[in-house]
>>> print(open('data-v4.csv').read())   # CSV, C-alpha atoms
chain,number,residue,atom,x,y,z
S,591,MET,CA,161.7,234.2,237.2
S,592,PRO,CA,161.0,233.2,240.8
S,593,ALA,CA,163.4,234.3,243.5
S,594,PHE,CA,166.1,231.8,244.4
S,595,ASP,CA,165.1,230.1,247.7
S,596,PHE,CA,168.4,230.3,249.7
S,597,GLU,CA,166.9,228.7,252.8
S,598,LYS,CA,165.5,225.7,250.9
S,599,ASN,CA,168.9,225.3,249.2
S,600,ARG,CA,170.7,225.5,252.5
S,601,LYS,CA,168.4,222.8,254.0
S,602,GLU,CA,168.9,220.5,251.0
S,603,ARG,CA,172.6,220.9,251.2
S,604,MET,CA,172.6,220.1,254.9
S,605,GLU,CA,170.5,217.0,254.2
S,606,PHE,CA,173.0,215.8,251.7
S,607,VAL,CA,175.9,216.4,254.2
S,608,ARG,CA,174.1,214.2,256.8
S,609,LYS,CA,173.4,211.4,254.3
S,610,TRP,CA,177.0,211.5,253.0
S,611,ALA,CA,178.3,211.5,256.6
S,612,GLU,CA,176.2,208.4,257.4
S,613,TYR,CA,177.6,206.8,254.3
S,614,VAL,CA,181.1,207.6,255.5
S,615,ARG,CA,180.4,206.2,258.9
S,616,THR,CA,178.9,202.9,257.7
S,617,HIS,CA,181.2,202.1,254.8
S,618,PRO,CA,184.9,201.1,254.7
S,619,ASP,CA,187.3,204.1,254.5
S,620,LYS,CA,188.7,202.9,251.2
S,621,GLU,CA,185.3,203.0,249.6
S,622,TRP,CA,184.3,206.6,250.5
S,623,SER,CA,187.8,208.0,250.1
S,624,SER,CA,188.1,206.6,246.6
S,625,GLN,CA,185.1,208.7,245.6
S,626,GLN,CA,186.5,211.7,247.6
S,627,LYS,CA,189.8,211.3,245.8
S,628,ASP,CA,188.2,211.7,242.3
S,629,LEU,CA,186.5,214.9,243.5
S,630,ILE,CA,189.5,216.5,245.2
S,631,ASP,CA,192.2,215.5,242.6
S,632,SER,CA,190.1,216.7,239.7
S,633,GLN,CA,189.4,220.1,241.3
S,634,LEU,CA,193.0,220.7,242.3
S,635,LYS,CA,194.3,219.7,238.9
S,636,ASN,CA,191.8,222.0,237.2
S,637,ALA,CA,192.5,224.9,239.5
S,638,ASN,CA,196.2,225.0,238.6
S,639,LYS,CA,195.4,224.7,234.9
S,640,LYS,CA,193.3,227.9,235.1
S,641,LEU,CA,196.0,230.0,236.6
J,727,MET,CA,187.7,205.2,260.8
J,728,GLU,CA,188.7,204.0,264.2
J,729,PHE,CA,190.0,205.6,267.4
J,730,LEU,CA,193.0,203.6,268.5
J,731,ASP,CA,193.0,205.6,271.8
J,732,GLU,CA,191.7,209.0,272.9
J,733,LYS,CA,194.4,210.8,270.9
J,734,THR,CA,194.8,208.6,267.9
J,735,LEU,CA,192.4,208.2,265.0
J,736,LYS,CA,193.2,205.6,262.3
J,737,ILE,CA,191.8,206.4,258.8
J,738,ASP,CA,192.4,203.8,256.1
J,739,ARG,CA,191.9,206.4,253.3
J,740,VAL,CA,193.1,206.5,249.7
J,741,GLU,CA,195.7,209.3,249.3
J,742,THR,CA,194.7,212.4,247.4
J,743,ILE,CA,196.9,215.1,245.9
J,744,LEU,CA,196.0,217.2,248.9
J,745,ASP,CA,196.9,214.5,251.4
J,746,LYS,CA,200.3,214.0,249.7
J,747,PHE,CA,201.0,217.7,249.8
J,748,VAL,CA,200.1,218.0,253.5
J,749,VAL,CA,202.0,214.9,254.6
J,750,GLU,CA,205.2,216.0,252.8
J,751,PHE,CA,205.0,219.5,254.1
J,752,THR,CA,204.3,218.5,257.7
J,753,LYS,CA,207.1,215.9,257.7
J,754,MET,CA,209.5,218.8,257.2
J,755,LEU,CA,207.7,221.2,259.5
J,756,GLU,CA,207.7,218.8,262.5
J,757,LYS,CA,211.5,218.7,262.6
J,758,TYR,CA,211.4,222.3,263.7
J,759,ALA,CA,208.1,223.0,265.3
J,760,LYS,CA,205.2,221.3,267.0
J,761,TYR,CA,202.2,221.9,264.8
J,762,THR,CA,198.5,221.1,264.4
J,763,ILE,CA,196.2,221.3,261.4
J,764,ILE,CA,193.0,223.2,261.9
J,765,SER,CA,190.0,224.2,259.8
J,766,GLY,CA,188.5,222.6,256.6
J,767,TYR,CA,191.1,220.0,255.9
J,768,VAL,CA,190.2,218.2,259.1
J,769,ALA,CA,186.7,217.7,257.9
J,770,ILE,CA,188.0,216.6,254.6
J,771,LEU,CA,190.2,214.0,256.3
J,772,LEU,CA,187.1,212.7,257.9
J,773,GLY,CA,185.4,212.3,254.6
J,774,ARG,CA,183.7,215.6,253.8
J,775,SER,CA,182.8,215.7,250.1
J,776,ARG,CA,184.7,218.8,249.1
J,777,ALA,CA,188.1,220.0,248.3
J,778,THR,CA,190.1,223.0,249.6
J,779,GLU,CA,192.8,225.2,248.2
J,780,ASP,CA,194.4,226.0,251.5
J,781,VAL,CA,195.3,224.1,254.7
J,782,ASP,CA,195.6,226.1,258.0
J,783,ILE,CA,198.2,225.1,260.5
J,784,PHE,CA,199.2,226.5,263.9
J,785,ILE,CA,202.8,226.1,265.0
J,786,GLU,CA,204.4,226.7,268.4
J,787,LYS,CA,206.4,229.9,268.6
J,788,ILE,CA,210.0,229.1,267.7
J,789,GLU,CA,213.2,231.1,267.9
J,790,LYS,CA,214.2,233.2,264.9
J,791,GLU,CA,217.3,231.1,264.2
J,792,LYS,CA,215.3,227.9,264.1
J,793,PHE,CA,212.7,229.4,261.9
J,794,PHE,CA,215.4,230.5,259.4
J,795,ILE,CA,216.6,226.9,259.1
J,796,LEU,CA,213.0,225.7,258.5
J,797,PHE,CA,212.4,228.5,255.9
J,798,ASP,CA,215.7,227.6,254.2
J,799,ASN,CA,214.9,223.9,254.1
J,800,LEU,CA,211.4,224.5,252.8
J,801,ARG,CA,212.9,226.5,249.9
J,802,LYS,CA,215.6,223.9,249.2
J,803,ASN,CA,212.9,221.3,249.0
J,804,GLY,CA,210.8,223.1,246.4
J,805,TYR,CA,208.4,225.2,248.5
J,806,ASN,CA,207.7,228.8,247.8
J,807,CYS,CA,206.5,231.3,250.4
J,808,PHE,CA,204.4,233.8,248.4
J,809,ASN,CA,203.6,236.5,250.9
J,810,ALA,CA,207.1,237.3,252.3
J,811,GLN,CA,210.2,238.6,250.8
J,812,GLY,CA,212.6,236.4,252.7
J,813,PRO,CA,213.1,234.7,256.1
J,814,ASP,CA,213.4,238.0,258.0
J,815,ASP,CA,210.2,239.3,256.5
J,816,ALA,CA,208.5,235.9,257.0
J,817,PHE,CA,209.4,235.7,260.7
J,818,ASN,CA,208.1,239.3,261.2
J,819,HIS,CA,204.8,238.2,259.6
J,820,LEU,CA,204.5,235.5,262.1
J,821,LEU,CA,205.3,237.8,265.0
J,822,ASP,CA,202.6,240.2,263.7
J,823,ASN,CA,200.1,237.3,263.9
J,824,LEU,CA,199.9,237.0,260.2
J,825,ALA,CA,199.9,233.8,258.3
J,826,LEU,CA,202.6,232.6,255.9
J,827,ARG,CA,201.4,230.9,252.8
J,828,PHE,CA,203.5,228.1,251.2
J,829,SER,CA,203.0,226.1,248.1
J,830,ARG,CA,205.1,224.0,245.7
J,831,LYS,CA,207.0,226.3,243.3
J,832,ASN,CA,204.9,227.3,240.3
J,833,LYS,CA,201.9,225.5,241.7
J,834,PRO,CA,200.0,227.9,244.0
J,835,ILE,CA,197.2,225.4,244.6
J,836,PRO,CA,197.1,223.7,247.1
J,837,ASN,CA,198.9,225.8,249.7
J,838,ILE,CA,199.5,225.9,253.4
J,839,GLU,CA,199.0,228.8,255.8
J,840,ILE,CA,201.1,228.6,258.9
J,841,LYS,CA,200.6,230.9,262.0
J,842,PHE,CA,202.0,231.0,265.5
J,843,ALA,CA,199.5,229.8,268.1
J,844,LYS,CA,198.9,233.1,269.9
J,845,THR,CA,195.8,233.0,272.1
J,846,ASP,CA,195.3,230.5,275.0
J,847,PHE,CA,192.7,228.7,272.9
J,848,ASP,CA,195.2,228.4,270.0
J,849,LYS,CA,197.9,227.1,272.4
J,850,GLU,CA,195.5,224.6,273.9
J,851,THR,CA,194.5,223.5,270.4
J,852,LEU,CA,198.2,222.8,269.8
J,853,GLU,CA,198.7,221.0,273.1
J,854,ASN,CA,195.6,218.8,272.7
J,855,ARG,CA,196.2,217.8,269.1
J,856,ILE,CA,195.4,214.3,268.0
J,857,LYS,CA,197.3,212.0,265.7
J,858,ILE,CA,195.8,210.9,262.4
J,859,VAL,CA,197.3,207.6,261.3
J,860,MET,CA,196.9,206.8,257.6
J,861,PRO,CA,198.5,204.2,255.3
J,862,PHE,CA,200.7,206.8,253.6
J,863,GLY,CA,201.7,208.9,256.7
J,864,ASN,CA,200.7,210.4,260.0
J,865,ILE,CA,199.7,214.0,260.7
J,866,PHE,CA,198.5,215.9,263.7
J,867,THR,CA,195.2,217.8,263.8
J,868,SER,CA,193.0,219.7,266.2
J,869,GLU,CA,190.9,217.6,268.5
J,870,ILE,CA,187.6,217.0,266.6
J,871,GLU,CA,185.2,218.4,269.3
J,872,ARG,CA,187.3,221.6,269.4
J,873,GLN,CA,187.1,221.8,265.6
J,874,ILE,CA,183.3,221.3,265.6
J,875,ALA,CA,182.8,224.0,268.2
J,876,PHE,CA,185.0,226.5,266.4
J,877,LYS,CA,183.2,226.0,263.1
J,878,ARG,CA,179.7,225.9,264.6
J,879,PHE,CA,179.9,228.7,267.1
J,880,VAL,CA,182.6,231.1,265.8
J,881,LEU,CA,183.0,230.8,262.0
J,882,LYS,CA,179.4,229.9,261.3
J,883,SER,CA,179.4,230.2,257.4
J,884,ASP,CA,177.3,227.6,255.5
J,885,LYS,CA,180.5,225.7,254.7
J,886,ASP,CA,181.7,225.7,258.3
J,887,LEU,CA,178.3,224.6,259.6
J,888,GLU,CA,178.3,221.8,257.1
J,889,ASP,CA,181.8,220.8,258.0
J,890,ALA,CA,180.8,220.7,261.7
J,891,GLU,CA,177.7,218.6,260.9
J,892,HIS,CA,179.7,216.2,258.8
J,893,MET,CA,182.4,215.6,261.5
J,894,GLU,CA,179.8,215.1,264.2
J,895,LYS,CA,177.7,212.6,262.1
J,896,ALA,CA,180.7,210.7,260.5
J,897,LEU,CA,182.1,210.1,264.0
J,898,LYS,CA,178.8,209.5,265.7
J,899,GLY,CA,179.3,207.4,268.9
J,900,ASN,CA,182.9,208.8,269.2
J,901,ILE,CA,182.1,212.5,269.8
J,902,ASN,CA,181.9,213.9,273.3
J,903,ASN,CA,179.0,216.4,273.2
J,904,LYS,CA,179.9,217.7,276.7
J,905,LYS,CA,183.3,218.8,275.3
J,906,ILE,CA,181.7,220.6,272.4
J,907,GLU,CA,179.4,222.5,274.9
J,908,ASN,CA,182.4,223.3,277.1
J,909,TYR,CA,184.4,224.7,274.1
J,910,ARG,CA,181.3,226.7,273.0
J,911,LYS,CA,181.3,228.4,276.4
J,912,ILE,CA,185.0,229.1,276.3
J,913,LEU,CA,184.8,230.5,272.8
J,914,GLU,CA,181.8,232.7,273.5
J,915,ASN,CA,183.4,234.1,276.6
J,916,TYR,CA,186.6,234.8,274.7
J,917,TYR,CA,184.9,236.5,271.8
J,918,ALA,CA,182.7,238.5,274.2
J,919,SER,CA,185.8,239.8,276.0
J,920,ILE,CA,187.7,241.2,272.9
>>> encode(input="data-v4.csv", output="structure tokens")
Amino acid sequence: MPAFDFEKNRKERMEFVRKWAEYVRTHPDKEWSSQQKDLIDSQLKNANKKL
Amino acid sequence: MEFLDEKTLKIDRVETILDKFVVEFTKMLEKYAKYTIISGYVAILLGRSRATEDVDIFIEKIEKEKFFILFDNLRKNGYNCFNAQGPDDAFNHLLDNLALRFSRKNKPIPNIEIKFAKTDFDKETLENRIKIVMPFGNIFTSEIERQIAFKRFVLKSDKDLEDAEHMEKALKGNINNKKIENYRKILENYYASI
């Protein structure tokens, strides 16, 4: 199995961060925050279920 | 997102579980102590696509008696401090520069870590806080440039570098790069001296 390329992964993640930030900057708050809400609420609900 | 003035940022965001928790907690906290939210939650407020389990807050140093009333009110309103035995122990934690961690009873996630602002940089962070105005409540956070500098030049983990990048790009046109550079110098000098 080839070694995991951490540097490539880091760059790809940062590229996504930049694209998402651009989306946030250029779209209404309600639009991006609705998507963010789905992500945050589901993670927090699941986290407490696991405890 | 829109800056209403230099110290007020309006975000017309949809409320998350995390936002509700933070707004409710800080509403109680601000009756007793000036506070400012720092760290990852600030990036999340500005739209970063991630969650967090804990929210870090600096508060001004308050007298023991005032802290006891705050502690008592938090408990009466359903918050649990899970790293101190009681108000005395909790206050000593703060004096020792340790953080107190509060959550809703029987629901450890999300939680809030509060700490006294100790260093000059911490105190300036508190003094220069900005107000975030949202449809469901207002909160105070660290100035964004200060937050970017701290994450980019002090914390430097992948997550922190991504948070800094997000804040800078999402608020492009409203970020003062000279301020970031100035905070970088202050932070580097401080950490070189300790």
>>> residues_around(input="data-v4.csv", residues="J:Arg774", least_positions_apart="6", cutoff="8 Å", atoms="all atoms listed in the file", output="NGL selection string")
(:S and (607 or 610-611 or 626)) or (:J and (889 or 892-893))
>>> residues_near_point(input="data-v4.csv", point="(181.4, 202.6, 255.3)", cutoff="12 Å", atoms="all atoms listed in the file", output="count of residues only")
25
>>> closest_atom_pairs(input="data-v4.csv", of="stretch 837-894 of chain J", to="stretch 806-827 of chain J", cutoff="12 Å", atoms="all atoms listed in the file", output="tab-separated table")
residue	atom	partner	partner_atom	distance
J:Asn837	CA	J:Arg827	CA	6.5
J:Ile838	CA	J:Arg827	CA	5.4
J:Glu839	CA	J:Arg827	CA	4.4
J:Ile840	CA	J:Leu826	CA	5.2
J:Lys841	CA	J:Ala825	CA	4.8
J:Phe842	CA	J:Leu820	CA	6.2
J:Ala843	CA	J:Asn823	CA	8.6
J:Lys844	CA	J:Asn823	CA	7.4
J:Thr845	CA	J:Asn823	CA	10.2
J:Asp848	CA	J:Asn823	CA	11.9
>>> atom_distance(input="data-v4.csv", atom1="atom CA of S:Gln633", atom2="atom CA of J:Ala777")
7.1 Å
>>> interface_residues(input="data-v4.csv", of="chain J", to="chain S", cutoff="12 Å", atoms="only C-alpha atoms", output="MDAnalysis selection string")
chainID J and resid 727:728 736:747 767 769:780 829:837 860:861 883:900
>>> residues_around(input="data-v4.csv", residues="J:Phe879", least_positions_apart="3", cutoff="10 Å", atoms="all atoms listed in the file", output="ChimeraX atom specification")
/J:874-876,882-883,886-887,890,906-907,909-911,913-914
>>> write_last_selection(input="data-v4.csv", atoms="C-alpha atoms", output="mmCIF file, in the frame of the given file")
data_model
loop_
_atom_site.group_PDB
_atom_site.id
_atom_site.type_symbol
_atom_site.label_atom_id
_atom_site.label_comp_id
_atom_site.auth_asym_id
_atom_site.auth_seq_id
_atom_site.Cartn_x
_atom_site.Cartn_y
_atom_site.Cartn_z
ATOM 1 C CA ILE J 874 183.300 221.300 265.600
ATOM 2 C CA ALA J 875 182.800 224.000 268.200
ATOM 3 C CA PHE J 876 185.000 226.500 266.400
ATOM 4 C CA LYS J 882 179.400 229.900 261.300
ATOM 5 C CA SER J 883 179.400 230.200 257.400
ATOM 6 C CA ASP J 886 181.700 225.700 258.300
ATOM 7 C CA LEU J 887 178.300 224.600 259.600
ATOM 8 C CA ALA J 890 180.800 220.700 261.700
ATOM 9 C CA ILE J 906 181.700 220.600 272.400
ATOM 10 C CA GLU J 907 179.400 222.500 274.900
ATOM 11 C CA TYR J 909 184.400 224.700 274.100
ATOM 12 C CA ARG J 910 181.300 226.700 273.000
ATOM 13 C CA LYS J 911 181.300 228.400 276.400
ATOM 14 C CA LEU J 913 184.800 230.500 272.800
ATOM 15 C CA GLU J 914 181.800 232.700 273.500
#
>>> atom_distance(input="data-v4.csv", atom1="atom CA of J:Ile856", atom2="atom CA of J:Lys733")
4.7 Å
>>> residues_around(input="data-v4.csv", residues="J:Ala759", least_positions_apart="4", cutoff="7 Å", atoms="all atoms listed in the file", output="ChimeraX atom specification")
/J:755,785-786,788
>>> atom_distance(input="data-v4.csv", atom1="atom CA of J:Lys857", atom2="atom CA of J:Lys802")
27.4 Å
>>> closest_residue(input="data-v4.csv", among="J:Arg872, J:Tyr805, J:Glu732, J:Leu881", to="J:Ile912", atoms="all atoms listed in the file")
J:Arg872
